[in-house]
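> Questions regarding the structure given below will be posed in turn.
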Amino acid sequence: MHRDYSLGELAVQFGLELRGDPALRVSHVATLSQATEGSLSFLANSRYRKHLGSTRASAVVVVAADVEGCPVAALVDPNPYLAYARIATLMYPAASMTAGIHPSAVVATAAKVAPSVAIGPLCVIEAGAELGERVQVGAGCTVLAGARIGDDTQLMPRVTLYAGVHIGARCLLHTGAVIGADGFGFAPDAGTWFKVPQVGSVRIGDDVEIGANTTIDRGAIGDTIVENGAKLDNQIQVGHNVVIGAHTAIAACTGISGSTTIGRRCMIGGMVGFAGHLTIADDVVITGCSLVSASIRESGSYSSGMPTVETRAWRRMVANLRRFGEKER
Amino acid sequence: MHRDYSLGELAVQFGLELRGDPALRVSHVATLSQATEGSLSFLANSRYRKHLGSTRASAVVVVAADVEGCPVAALVDPNPYLAYARIATLMYPAASMTAGIHPSAVVATAAKVAPSVAIGPLCVIEAGAELGERVQVGAGCTVLAGARIGDDTQLMPRVTLYAGVHIGARCLLHTGAVIGADGFGFAPDAGTWFKVPQVGSVRIGDDVEIGANTTIDRGAIGDTIVENGAKLDNQIQVGHNVVIGAHTAIAACTGISGSTTIGRRCMIGGMVGFAGHLTIADDVVITGCSLVSASIRESGSYSSGMPTVETRAWRRMVANLRRFGEKER
Amino acid sequence: MHRDYSLGELAVQFGLELRGDPALRVSHVATLSQATEGSLSFLANSRYRKHLGSTRASAVVVVAADVEGCPVAALVDPNPYLAYARIATLMYPAASMTAGIHPSAVVATAAKVAPSVAIGPLCVIEAGAELGERVQVGAGCTVLAGARIGDDTQLMPRVTLYAGVHIGARCLLHTGAVIGADGFGFAPDAGTWFKVPQVGSVRIGDDVEIGANTTIDRGAIGDTIVENGAKLDNQIQVGHNVVIGAHTAIAACTGISGSTTIGRRCMIGGMVGFAGHLTIADDVVITGCSLVSASIRESGSYSSGMPTVETRAWRRMVANLRRFGEKER
């Protein structure tokens with residue numbers, strides 16, 4: 001599943017400075033502390049520097065300042081994490097499905113499927129669906145009527161695309177992702193709720209990754225949009241008519257309320273809640289477990305996640321806090 | 001996919017007052033700001049009133065007080081959002097599956113399936129399951145032994161009903177919903193956990209909507225219950241033996257602890273956590289990202305979601321708050 | 001689906017003291033307040049003691065101190081909840097699938113499947129997968145290349161195991177669980193994100209239960225680990241390279257950040273967020289809706305979930321709190 005390379009080959013291919021024997025070979029990746037002979041490791045986070053001196057890796061990707069402390073061969077780059085990622089991508093090529101339609105898949109004759117497409121067992125592809133070049137559809141996926149998938153996009157097993165949604169090129173969708181279910185819209189009607197038809201769709205740009213069991217609802221009117229290069233972790237909920245800006249990264253379990261617009265290059269922590277029809281500027285960082293209940297107009301870092309203390313101390317804090325809620329002070 | 005109507009037809013059918021040409025036709029819906037010729041729009045939320053004067057819609061559903069400011073034809077109703085929803089339902093009729101069982105579905109001969117039922121490709125319907133009139137089962141659904149589905153209920157693709165659960169009439173369940181998995185019950189046993197059999201079931205009333213990837217656990221003893229007309233958004237977790245009252249609406253990502261009873265007509269925001277065996281009165285509103293850890297006996301609005309501030313200010317707030325937890329003050 | 005037993009049989013089999021007629025039979029379980037003739041009930045939580053005196057159960061499992069107040073036959077044990085769980089397991093034997101492969105399943109010839117294994121309809125089992133003795137695979141499961149499942153483990157319908165993950169013996173995985181999807185790892189690359197290959201796997205020990213729609217990501221380098229006897233509720237997110245210690249129980253909707261290590265016998269409440277590469281000691285309790293953003297070195301109970309108050313009072317609390325964030329005080 002992985003291939004081995006000489007340090008010389010890696011240095012040349014990725015333009016890295018090499019301190020060590022170019023003929024030395026690495027066959028797999030490992031952390032500094034778990035590395036053994038043949039391991040390629042990296043140091044990108046100072047909290048792991050303590051493991052550098054004792055590593056048994058064959059080579060480590062480091063910044064120039066860490067070459068001194070590196071007891072083994074060093075591949076030097078100002079961004080060791082990125083350099084490591086590029087090397088690992090080379091060493092561990094992703095398994096690719098073979099083009100063709102598995103005989104157990106149910107593919108409508110009116111679906112438009114490029115000959116280079118791979119459709120796994122037990123998939124359902126409805127009429128009007130369009131699958132671009134080299135699209136890979138894992139086992140058990142469901143692509144409803146009129147959904148479109150761009151070139152080189154990969155659906156892992158059991159992804160569901162509702163009718164009419166658009167997925168861009170080179171995307172990766174993980175198992176359990178649901179794209180295009182109805183937004184949550186109901187009009188009050190004499191003590192009951194009347195369903196508001198969700199007639200918009202979902203448009204996902206290129207190079208987007210969507211995690212396992214993440215849900216992205218279709219628009220009520222107009223579309224829900226995820227722009228190019230955005231990365232969504234697992235179990236994220238994206239409400240109807242949300243816009244997620246290009247290259248924004250969102251960690252797991254975050255929920256985004258309908259009609260919220262998030263800017264570009266934002267970094268949203270895990271389990272963040274957005275409440276309201278909000279507008280979030282570009283380059284905003286929200287730390288984990290925060291509640292965003294008002295628009296954020298300026299880039300910067302925002303928080304409201306309360307860190308744990310001992311339960312007894314917490315009870316005292318809450319009791320004292322409650323005095324703040326009393327009417328007259 | 002959508003049909004066009006004259007304003008006269010709409011006014012008559014829905015009992016609306018019309019200010020404008022009854023022969024004018026609308027062919028689709030749009031927001032005030034994105035509307036073009038042929039658009040039907042509506043104004044229900046004052047924050048969008050600023051878009052009314054410049055809208056290019058052909059007609060707008062408004063309250064009487066907004067007729068004056070409406071530059072185009074107006075359909076007048078005291079509840080424009082509801083009137084809009086009714087019109088949109090007419091203009092965008094939901095796609096209906098054709099009755100019959102797809103040849104790739106695996107349907108037990110001992111399942112009871114009305115002739116008007118539609119079962120999509122690659123479904124599994126086990127023995128003893130009962131599907132009422134005009135039930136629609138999307139691709140890849142799994143209906144285990146003895147589960148029952150009421151008339152006119154629709155399962156979108158890849159819904160799972162565990163053994164013995166009951167779903168009422170006219171419900172809509174979205175992809176990834178799991179109804180009837182085991183509740184989380186374990187008895188401590190000398191440092192390990194002994195599984196407590198979850199022998200109850202789930203009963204869901206009529207006209208209930210359940211969002212994508214929402215999970216509703218079966219009762220430990222007795223049933224988990226969702227009453228008529230309740231609406232559950234995506235990624236909600238409902239623990240064993242919970243009761244959700246009629247017409248209560250719950251936004252996405254909320255988690256409800258086992259044996260909690262929520263009243264009727266409640267509105268629960270997103271990412272709310274219920275912790276404990278709680279009782280919540282009728283007509284309670286909980287705002288998003290709150291923690292409900294005690295019963296609520298009176299209707300009203302309750303909150304504990306902490307809104308974000310700049311991270312540096314937040315750190316100072318937390319540091320000061322911690323003094324509240326010190327033992328003696 | 002359930003069997004009836006005499007109290008004498010139960011007392012003997014489970015070593016319980018019986019106060020009452022050994023010939024009396026119980027046919028089902030019920031709560032104290034909903035019990036009828038033939039019901040077996042139990043009293044394990046003092047909040048339900050008020051229902052003991054009026055119960056119509058045929059027998060109740062109680063501690064010795066509650067025998068006095070029990071108006072019907074009593075089965076006496078120091079741990080009534082555990083004794084009840086054992087009896088209920090006997091009375092409600094779990095339905096077992098019949099060994100064999102359903103003809104609609106797509107099983108690679110290069111998969112290693114013990115003859116005692118049951119594989120349900122429409123499953124996909126890829127090459128190199130290994131299924132131990134008596135493994136049960138529910139309808140619509142997907143087991144990718146090289147995944148291994150230990151003896152007597154049960155997959156409910158529509159579980160997905162990514163390539164190469166290991167599941168131990170006697171585990172139970174519920175519908176929608178996704179084991180081994182990519183961890184969330186991206187290296188910043190000039191305003192875009194470069195995917196870091198997730199080359200580790202997931203190793204799950206014996207006797208682990210995993211709830212519906214829970215996701216456990218594969219390691220970036222090295223494996224994500226869930227140790228023996230851990231119990232995970234629904235909709236939990238486990239990031240890459242997390243370690244969950246033996247016999248730790250985690251309630252629904254909790255999210256665990258990558259590289260976090262949680263000790264043994266911990267009890268983690270619902271909707272808890274872990275943020276950072278943390279280390280949590282053994283025997284730690286975290287109450288619901290807390291944010292754990294620093295390592296916890298000592299066993300004990302920790303909290304930060306803020307309980308709801310009336311919304312108006314909450315607004316005053318927040319306004320006052322914000323003064324704490326002002327720069328100079």
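Each chain in the structure tokens gets a letter, A, B, ..., in the order shown, and its residues are numbered from 1; ligands are numbered from 1 in order too.
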To test your reading of the structure, identify every residue in segment 56-164 of chain A that backbone DSSP assigns to strand (DSSP E), and report it as a short mmCIF file (atom, residue, chain, number, x, y, z; two decimals) with N, CA and C atoms, in the first residue's frame.


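Below you can see result30.cif, which holds the result:
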```cif
data_model
loop_
_atom_site.label_atom_id
_atom_site.label_comp_id
_atom_site.auth_asym_id
_atom_site.auth_seq_id
_atom_site.Cartn_x
_atom_site.Cartn_y
_atom_site.Cartn_z
N ALA A 59 14.81 9.57 8.80
CA ALA A 59 14.90 10.97 8.38
C ALA A 59 13.74 11.74 8.97
N VAL A 60 13.99 13.04 9.19
CA VAL A 60 12.96 13.91 9.76
C VAL A 60 12.87 15.18 8.91
N VAL A 61 11.64 15.61 8.61
CA VAL A 61 11.45 16.89 7.93
C VAL A 61 11.39 17.98 9.01
N VAL A 62 12.28 18.94 8.90
CA VAL A 62 12.40 19.98 9.94
C VAL A 62 12.62 21.35 9.30
N ALA A 73 19.17 11.90 9.55
CA ALA A 73 19.09 12.69 8.33
C ALA A 73 17.94 13.68 8.41
N ALA A 74 18.15 14.86 7.83
CA ALA A 74 17.14 15.90 7.88
C ALA A 74 16.78 16.37 6.48
N LEU A 75 15.46 16.49 6.22
CA LEU A 75 14.97 17.16 5.02
C LEU A 75 14.46 18.51 5.50
N VAL A 76 15.00 19.58 4.94
CA VAL A 76 14.78 20.90 5.52
C VAL A 76 13.81 21.72 4.66
N GLY A 100 -15.88 1.73 -14.51
CA GLY A 100 -16.92 0.77 -14.85
C GLY A 100 -18.02 0.77 -13.80
N ILE A 101 -19.11 0.15 -14.14
CA ILE A 101 -20.30 0.13 -13.27
C ILE A 101 -20.48 -1.28 -12.73
N VAL A 106 -27.71 0.15 -9.53
CA VAL A 106 -28.95 0.45 -10.27
C VAL A 106 -28.77 1.83 -10.88
N VAL A 107 -28.40 1.87 -12.14
CA VAL A 107 -28.08 3.13 -12.80
C VAL A 107 -29.12 3.39 -13.89
N LYS A 112 -26.17 10.41 -17.00
CA LYS A 112 -25.06 10.72 -17.90
C LYS A 112 -23.78 10.38 -17.16
N VAL A 113 -23.16 9.28 -17.54
CA VAL A 113 -22.01 8.77 -16.79
C VAL A 113 -20.82 8.65 -17.74
N ALA A 118 -16.17 5.28 -12.11
CA ALA A 118 -16.28 4.00 -11.41
C ALA A 118 -17.48 4.07 -10.47
N ILE A 119 -18.40 3.13 -10.60
CA ILE A 119 -19.57 3.08 -9.72
C ILE A 119 -19.55 1.74 -9.00
N VAL A 124 -27.22 3.58 -6.32
CA VAL A 124 -28.40 3.98 -7.09
C VAL A 124 -28.09 5.32 -7.73
N ILE A 125 -28.17 5.37 -9.05
CA ILE A 125 -27.95 6.63 -9.78
C ILE A 125 -29.21 6.89 -10.60
N GLU A 130 -25.58 13.50 -13.53
CA GLU A 130 -24.43 13.65 -14.42
C GLU A 130 -23.15 13.45 -13.64
N LEU A 131 -22.36 12.47 -14.05
CA LEU A 131 -21.10 12.17 -13.36
C LEU A 131 -19.95 12.44 -14.32
N GLN A 136 -15.46 8.74 -8.82
CA GLN A 136 -15.51 7.45 -8.14
C GLN A 136 -16.66 7.46 -7.14
N VAL A 137 -17.55 6.51 -7.28
CA VAL A 137 -18.71 6.43 -6.42
C VAL A 137 -18.61 5.12 -5.63
N THR A 142 -26.13 6.90 -3.12
CA THR A 142 -27.40 7.21 -3.76
C THR A 142 -27.30 8.60 -4.37
N VAL A 143 -27.49 8.68 -5.68
CA VAL A 143 -27.41 9.96 -6.38
C VAL A 143 -28.75 10.18 -7.05
N ARG A 148 -25.45 16.54 -9.99
CA ARG A 148 -24.28 16.58 -10.86
C ARG A 148 -23.00 16.50 -10.04
N ILE A 149 -22.04 15.75 -10.53
CA ILE A 149 -20.77 15.56 -9.83
C ILE A 149 -19.63 15.88 -10.79
N GLN A 154 -14.61 12.13 -5.55
CA GLN A 154 -14.75 10.79 -5.00
C GLN A 154 -15.80 10.78 -3.90
N LEU A 155 -16.75 9.87 -4.04
CA LEU A 155 -17.73 9.63 -2.98
C LEU A 155 -17.33 8.32 -2.29
N THR A 160 -25.12 10.26 0.18
CA THR A 160 -26.41 10.51 -0.47
C THR A 160 -26.47 11.93 -1.01
N LEU A 161 -26.74 12.02 -2.30
CA LEU A 161 -26.98 13.33 -2.92
C LEU A 161 -28.45 13.40 -3.30
#
```

> Identify all residues of segment 143-315 of chain C in alpha helix (DSSP H) (DSSP on the backbone) and supply them as a list of chain:residue names.

C:Thr311, C:Arg312, C:Ala313, C:Trp314, C:Arg315

> With chain B as the partner and 6 Å as the cut-off, tabulate the residues of chain A that qualify, each row holding the nearest pair of atoms and their distance in Å to one decimal, using only C-alpha atoms, sorted by chain and rising number, as a tab-separated table.


```
residue	atom	partner	partner_atom	distance
A:Phe184	CA	B:Asp233	CA	6.0
A:Ala187	CA	B:Leu82	CA	5.2
A:Thr192	CA	B:His247	CA	5.7
A:Val196	CA	B:Ala85	CA	4.8
A:Pro197	CA	B:Thr89	CA	5.9
A:Ile221	CA	B:Ala30	CA	5.9
A:Leu291	CA	B:Pro307	CA	5.1
A:Val292	CA	B:Thr308	CA	5.6
A:Ser293	CA	B:Pro307	CA	5.9
A:Ser301	CA	B:Thr311	CA	5.5
A:Tyr302	CA	B:Glu310	CA	4.3
A:Ser303	CA	B:Thr308	CA	4.8
A:Ser304	CA	B:Thr308	CA	4.5
A:Ala313	CA	B:Gly325	CA	4.4
A:Trp314	CA	B:Gly325	CA	6.0
A:Arg316	CA	B:Gly325	CA	5.1
A:Met317	CA	B:Gly325	CA	4.6
```

> What's around Ser116 of chain C at 6 Å? Count only C-alpha atoms, leave out sequence neighbours fewer than 2 positions away in its own chain, and write the answer as an MDAnalysis selection string.

chainID C and resid 99 114 133:134

> Fewer than 3 positions away in the same chain doesn't count, so skip those; otherwise give me all residues within 9 Å of Ile179 of chain A, counting only C-alpha atoms, as a VMD selection string.

chain A and resid 159 to 162 165 202 214 to 218
